[in-house]
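Structure file my_file31.csv (CSV, C-alpha atoms) is printed below.
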chain,number,residue,atom,x,y,z
A,27,MET,CA,-11.8,-14.3,4.7
A,28,GLN,CA,-10.2,-14.5,8.1
A,29,ASP,CA,-6.9,-13.9,6.4
A,30,ALA,CA,-8.2,-10.8,4.7
A,31,CYS,CA,-9.3,-9.3,8.0
A,32,ARG,CA,-5.9,-10.0,9.6
A,33,THR,CA,-4.1,-8.7,6.6
A,34,ARG,CA,-6.1,-5.5,6.7
A,35,ALA,CA,-4.7,-4.7,10.2
A,36,VAL,CA,-1.2,-4.9,8.9
A,37,LEU,CA,-2.0,-3.1,5.6
A,38,ASP,CA,-3.0,-0.1,7.6
A,39,ILE,CA,0.7,0.3,8.0
A,40,VAL,CA,2.4,-1.4,5.1
A,41,GLY,CA,-0.3,-0.6,2.6
A,42,ASP,CA,0.5,3.1,3.2
A,43,LYS,CA,2.4,4.6,0.4
A,44,TRP,CA,4.6,6.8,2.6
A,45,ALA,CA,5.5,3.7,4.7
A,46,LEU,CA,6.5,1.8,1.6
A,47,LEU,CA,8.6,4.7,0.3
A,48,VAL,CA,10.4,5.1,3.7
A,49,VAL,CA,11.2,1.4,3.7
A,50,ARG,CA,12.4,1.7,0.1
A,51,VAL,CA,14.8,4.6,0.7
A,52,LEU,CA,16.3,2.9,3.8
A,53,LYS,CA,17.5,0.0,1.7
A,54,ASP,CA,21.1,1.1,1.5
A,55,GLY,CA,21.5,1.8,5.2
A,56,PRO,CA,20.6,4.3,8.0
A,57,LEU,CA,19.5,7.8,7.2
A,58,ARG,CA,18.9,10.9,9.2
A,59,PHE,CA,15.5,12.6,9.3
A,60,THR,CA,16.6,15.4,6.9
A,61,GLU,CA,18.1,12.9,4.5
A,62,LEU,CA,14.8,10.9,4.5
A,63,LYS,CA,12.8,14.1,4.0
A,64,ARG,CA,15.0,15.0,1.0
A,65,ALA,CA,14.8,11.5,-0.5
A,66,ILE,CA,11.0,11.3,-0.4
A,67,ASP,CA,9.6,13.9,-2.7
A,68,GLY,CA,6.5,15.6,-1.4
A,69,ILE,CA,6.4,14.2,2.1
A,70,SER,CA,5.6,16.8,4.8
A,71,GLN,CA,7.6,17.0,8.1
A,72,ARG,CA,4.5,15.9,10.0
A,73,MET,CA,3.7,12.9,7.8
A,74,LEU,CA,7.3,11.7,7.9
A,75,THR,CA,7.4,12.0,11.7
A,76,VAL,CA,4.1,10.0,12.0
A,77,THR,CA,5.2,7.4,9.5
A,78,LEU,CA,8.6,6.9,11.2
A,79,ARG,CA,7.0,6.5,14.6
A,80,ASP,CA,4.5,4.0,13.3
A,81,LEU,CA,7.2,2.0,11.6
A,82,GLU,CA,9.3,2.1,14.8
A,83,ARG,CA,6.4,0.9,16.8
A,84,ASP,CA,5.8,-2.0,14.4
A,85,GLY,CA,9.4,-3.1,14.7
A,86,ILE,CA,10.2,-2.2,11.0
A,87,LEU,CA,12.9,0.3,11.8
A,88,THR,CA,15.0,1.5,14.8
A,89,ARG,CA,15.6,5.0,15.8
A,90,THR,CA,19.1,5.8,17.2
A,91,VAL,CA,20.0,9.0,18.9
A,92,ARG,CA,23.7,9.9,18.7
A,93,GLU,CA,25.0,12.0,21.5
A,94,VAL,CA,27.3,14.1,19.4
A,95,MET,CA,27.2,17.9,19.0
A,96,PRO,CA,24.8,18.7,17.6
A,97,PRO,CA,23.0,15.4,18.5
A,98,HIS,CA,21.4,13.6,15.6
A,99,VAL,CA,18.9,10.9,15.1
A,100,SER,CA,19.1,8.2,12.5
A,101,TYR,CA,16.7,5.5,11.3
A,102,GLU,CA,17.6,2.0,10.1
A,103,LEU,CA,15.6,-1.0,9.0
A,104,THR,CA,15.5,-4.0,11.4
A,105,SER,CA,15.9,-7.5,10.1
A,106,MET,CA,12.0,-7.7,9.8
A,107,GLY,CA,12.1,-4.3,8.0
A,108,ARG,CA,14.6,-5.7,5.5
A,109,THR,CA,12.2,-8.6,4.7
A,110,LEU,CA,9.4,-6.1,4.3
A,111,ARG,CA,11.6,-4.2,1.8
A,112,GLU,CA,12.1,-7.4,-0.2
A,113,ALA,CA,8.3,-8.2,-0.1
A,114,ALA,CA,7.4,-4.7,-1.2
A,115,ALA,CA,10.0,-4.5,-4.0
A,116,PRO,CA,7.8,-6.3,-6.7
A,117,LEU,CA,4.9,-3.9,-6.0
A,118,LEU,CA,7.2,-0.8,-6.3
A,119,GLU,CA,8.8,-2.2,-9.5
A,120,TRP,CA,5.4,-2.9,-10.9
A,121,SER,CA,4.3,0.7,-10.1
A,122,ILE,CA,7.3,2.2,-12.0
A,123,ALA,CA,6.9,-0.2,-14.9
A,124,HIS,CA,3.2,0.4,-15.4
A,125,LEU,CA,3.0,4.1,-14.9
A,126,PRO,CA,2.7,4.9,-18.7
A,127,GLU,CA,0.0,2.2,-19.1
A,128,ILE,CA,-2.0,3.6,-16.1
A,129,ASP,CA,-1.6,7.1,-17.4
A,130,ALA,CA,-3.0,5.9,-20.8
A,131,ALA,CA,-5.9,4.1,-19.1
A,132,ARG,CA,-6.8,7.2,-17.1
A,133,ALA,CA,-6.8,9.4,-20.2
A,134,ALA,CA,-9.0,6.9,-22.1
A,135,TYR,CA,-11.4,6.7,-19.1
A,136,ASP,CA,-11.6,10.5,-18.7
A,137,ASP,CA,-12.3,10.9,-22.5
A,138,ARG,CA,-15.4,8.7,-22.4
A,139,PRO,CA,-18.5,10.5,-23.5
B,21,MET,CA,14.8,10.1,-6.7
B,22,GLN,CA,12.9,10.7,-9.9
B,23,ASP,CA,11.7,7.2,-9.7
B,24,ALA,CA,10.4,7.7,-6.2
B,25,CYS,CA,8.3,10.6,-7.4
B,26,ARG,CA,6.8,8.7,-10.2
B,27,THR,CA,6.2,5.7,-8.0
B,28,ARG,CA,4.4,7.9,-5.6
B,29,ALA,CA,1.8,8.8,-8.2
B,30,VAL,CA,1.0,5.1,-8.8
B,31,LEU,CA,1.1,4.3,-5.1
B,32,ASP,CA,-1.7,6.7,-4.5
B,33,ILE,CA,-3.7,3.9,-6.0
B,34,VAL,CA,-1.9,0.6,-5.5
B,35,GLY,CA,-0.5,1.6,-2.1
B,36,ASP,CA,-4.0,1.9,-0.9
B,37,LYS,CA,-5.0,-1.0,1.4
B,38,TRP,CA,-8.5,-1.3,0.0
B,39,ALA,CA,-7.3,-1.4,-3.6
B,40,LEU,CA,-4.8,-4.2,-2.7
B,41,LEU,CA,-7.6,-6.1,-1.0
B,42,VAL,CA,-10.0,-5.7,-3.9
B,43,VAL,CA,-7.3,-6.9,-6.3
B,44,ARG,CA,-6.6,-9.9,-4.0
B,45,VAL,CA,-10.2,-11.1,-3.8
B,46,LEU,CA,-10.7,-10.8,-7.6
B,47,LYS,CA,-7.9,-13.4,-8.2
B,48,ASP,CA,-10.3,-16.3,-8.9
B,49,GLY,CA,-12.5,-14.4,-11.4
B,50,PRO,CA,-15.2,-11.8,-11.6
B,51,LEU,CA,-17.3,-10.8,-8.6
B,52,ARG,CA,-20.4,-8.7,-8.2
B,53,PHE,CA,-20.5,-5.6,-5.9
B,54,THR,CA,-22.3,-7.4,-3.1
B,55,GLU,CA,-19.9,-10.4,-3.3
B,56,LEU,CA,-16.9,-8.0,-3.1
B,57,LYS,CA,-18.4,-6.2,-0.2
B,58,ARG,CA,-19.0,-9.5,1.7
B,59,ALA,CA,-15.4,-10.7,0.9
B,60,ILE,CA,-13.7,-7.5,2.2
B,61,ASP,CA,-14.4,-7.3,5.8
B,62,GLY,CA,-15.0,-3.8,7.1
B,63,ILE,CA,-15.1,-1.9,3.8
B,64,SER,CA,-18.0,0.6,3.5
B,65,GLN,CA,-20.3,0.8,0.5
B,66,ARG,CA,-18.9,4.3,-0.3
B,67,MET,CA,-15.2,3.2,0.0
B,68,LEU,CA,-15.8,0.1,-2.2
B,69,THR,CA,-17.6,2.3,-4.8
B,70,VAL,CA,-14.7,4.8,-4.9
B,71,THR,CA,-12.0,2.1,-4.9
B,72,LEU,CA,-13.7,0.2,-7.8
B,73,ARG,CA,-14.0,3.4,-9.8
B,74,ASP,CA,-10.4,4.3,-9.3
B,75,LEU,CA,-9.2,0.8,-10.2
B,76,GLU,CA,-11.4,0.9,-13.3
B,77,ARG,CA,-10.0,4.3,-14.3
B,78,ASP,CA,-6.5,3.0,-13.9
B,79,GLY,CA,-7.1,0.0,-16.2
B,80,ILE,CA,-6.8,-2.5,-13.3
B,81,LEU,CA,-10.3,-3.9,-13.6
B,82,THR,CA,-13.3,-3.8,-15.9
B,83,ARG,CA,-16.9,-3.2,-15.0
B,84,THR,CA,-19.5,-5.2,-16.9
B,85,VAL,CA,-23.2,-4.5,-16.8
B,86,ARG,CA,-25.3,-7.5,-17.6
B,87,GLU,CA,-28.7,-6.7,-19.0
B,88,VAL,CA,-30.6,-9.4,-17.2
B,89,MET,CA,-33.5,-9.0,-14.9
B,90,PRO,CA,-32.6,-7.7,-12.4
B,91,PRO,CA,-29.5,-6.1,-14.1
B,92,HIS,CA,-26.3,-6.8,-12.4
B,93,VAL,CA,-22.7,-5.4,-12.5
B,94,SER,CA,-19.6,-7.5,-12.2
B,95,TYR,CA,-15.9,-6.6,-11.8
B,96,GLU,CA,-13.0,-8.5,-13.2
B,97,LEU,CA,-9.2,-8.0,-13.3
B,98,THR,CA,-7.7,-6.9,-16.6
B,99,SER,CA,-4.5,-8.5,-17.8
B,100,MET,CA,-2.6,-5.6,-16.2
B,101,GLY,CA,-4.7,-6.1,-13.0
B,102,ARG,CA,-3.5,-9.7,-12.9
B,103,THR,CA,0.1,-8.6,-13.1
B,104,LEU,CA,-0.6,-6.2,-10.2
B,105,ARG,CA,-2.2,-9.1,-8.2
B,106,GLU,CA,1.1,-11.1,-8.7
B,107,ALA,CA,3.3,-8.1,-7.8
B,108,ALA,CA,1.2,-7.4,-4.6
B,109,ALA,CA,1.1,-11.1,-3.5
B,110,PRO,CA,4.5,-11.0,-1.7
B,111,LEU,CA,3.5,-8.0,0.4
B,112,LEU,CA,0.1,-9.5,1.3
B,113,GLU,CA,1.8,-12.8,2.3
B,114,TRP,CA,4.4,-10.9,4.3
B,115,SER,CA,1.6,-9.1,6.1
B,116,ILE,CA,-0.1,-12.3,7.1
B,117,ALA,CA,3.2,-14.0,8.1
B,118,HIS,CA,4.5,-11.1,10.2
B,119,LEU,CA,1.3,-10.1,12.0
B,120,PRO,CA,2.3,-11.8,15.3
B,121,GLU,CA,5.8,-10.3,15.2
B,122,ILE,CA,4.3,-6.8,14.6
B,123,ASP,CA,1.8,-7.3,17.4
B,124,ALA,CA,4.7,-8.2,19.7
B,125,ALA,CA,6.7,-5.1,18.6
B,126,ARG,CA,3.7,-2.9,19.2
B,127,ALA,CA,3.1,-4.2,22.7
B,128,ALA,CA,6.8,-3.8,23.6
B,129,TYR,CA,6.8,-0.2,22.2
B,130,ASP,CA,3.7,0.7,24.1
B,131,ASP,CA,5.1,-0.8,27.4
B,132,ARG,CA,8.2,1.5,27.3
B,133,PRO,CA,8.6,3.7,30.4
Spit out the file's structure as structure tokens when you get a sec.
Amino acid sequence: MQDACRTRAVLDIVGDKWALLVVRVLKDGPLRFTELKRAIDGISQRMLTVTLRDLERDGILTRTVREVMPPHVSYELTSMGRTLREAAAPLLEWSIAHLPEIDAARAAYDDRP
Amino acid sequence: MQDACRTRAVLDIVGDKWALLVVRVLKDGPLRFTELKRAIDGISQRMLTVTLRDLERDGILTRTVREVMPPHVSYELTSMGRTLREAAAPLLEWSIAHLPEIDAARAAYDDRP
């Protein structure tokens, strides 16, 4: 279970739903903070800030400050980040495809005597 | 971004690192609670209990009580759980493969002036 232990360290980041959703919405190219916030329903300003910093630290995305007026900051997947996006895609697709089945399972579970 | 919102509801469960690790260690067949606890390094009794209950409620695994002496309880992936295991495998493999690269990125980030 050595692998499981090592995997766990990485899953602290990539097994985080917000991280997976950030990587997902960056698939078509760089976005600004406000665009990311709008694209990820329900994420707080604070959680998005923390998630972006963790992903930058892990080498998953880059943060670029443009010295225009007003200055703005954009976020873009690195080449490693793009491979993560590909690896996470089946899990995200699975989630969308199985939502009705999971909802039904939850309802059945909650209806147990 | 309707999809993102729906996905998020499922990722509350499957985007949880402990849930992914439980699904992973159940790939070869049913396990008892104590076997799961041993196989997943660092998980607490409480966290394993909660994770198993959530996964059972979501229809990802079944819980079977065997009326032997002493009675014991085992956990096994459902057919939906097996498809989740397959969908999560690329992300888990990615995590293992990229751990050194992520460690290096973290060290470089932390060394910034």
What is the distance between CA of Glu76 (chain B) and CA of Glu127 (chain A), in Å to one decimal?
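A separation of 12.9 Å between them.
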So which residues touch His98 (chain A) within 9 Å, counting all atoms listed in the file, skipping near sequence neighbours fewer than 5 positions away, as a list in words?
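Everything that qualifies: Arg58, Phe59, Thr90, Val91, Arg92 and Glu93 of chain A.
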Using all atoms listed in the file, which residues of chain B come within 6 Å of chain A, and what is the closest atom pair for each, with the distance in Å to one decimal? Give it as a tab-separated table, sorted by chain and residue number.
residue	atom	partner	partner_atom	distance
B:Cys25	CA	A:Asp67	CA	5.9
B:Thr27	CA	A:Ile122	CA	5.4
B:Val30	CA	A:Ser121	CA	5.7
B:Leu31	CA	A:Lys43	CA	5.7
B:Gly35	CA	A:Lys43	CA	4.9
B:Asp36	CA	A:Gly41	CA	5.7
B:Lys37	CA	A:Gly41	CA	4.9
B:Asp61	CA	A:Cys31	CA	5.9
B:Arg77	CA	A:Arg132	CA	5.1
B:Asp78	CA	A:Ile128	CA	5.0
B:Gly79	CA	A:Ala131	CA	5.2
B:Ala107	CA	A:Leu117	CA	4.8
B:Ala108	CA	A:Leu117	CA	5.3
B:Pro110	CA	A:Ala113	CA	5.0
B:Leu111	CA	A:Ala113	CA	4.8
B:Ser115	CA	A:Thr33	CA	5.7
B:Ile116	CA	A:Thr33	CA	5.4
B:Ile122	CA	A:Asp84	CA	5.0
B:Ala125	CA	A:Gly85	CA	5.1
B:Arg126	CA	A:Arg83	CA	5.2
B:Tyr129	CA	A:Arg83	CA	5.5
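When CA of Pro56 (chain A) is paired with CA of Met73 (chain A), their separation reads 19.0 Å.
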Rounded to one decimal, what separation in Å do you get between CA of Arg73 (chain B) and CA of Val88 (chain B)?
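So the two atoms, CA of Arg73 (chain B) and CA of Val88 (chain B), lie 22.2 Å apart.
Proximity of B:Ile63, B:Leu68, B:Leu81, B:Val93 to Val43 (chain B), computed with only C-alpha atoms, is greatest for B:Leu81.
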With all atoms listed in the file as the atoms that count, which of A:Val48, A:Lys53, A:Arg138, A:Leu62 lies nearest to Arg108 (chain A)?
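The closest residue to Arg108 (chain A) is A:Lys53.
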Name the residues within 6 Å of (-15.5, -8.3, -15.4), counting all atoms listed in the file in the file's coordinates, and put them as a ChimeraX atom specification.
/B:50,82-84,94-96
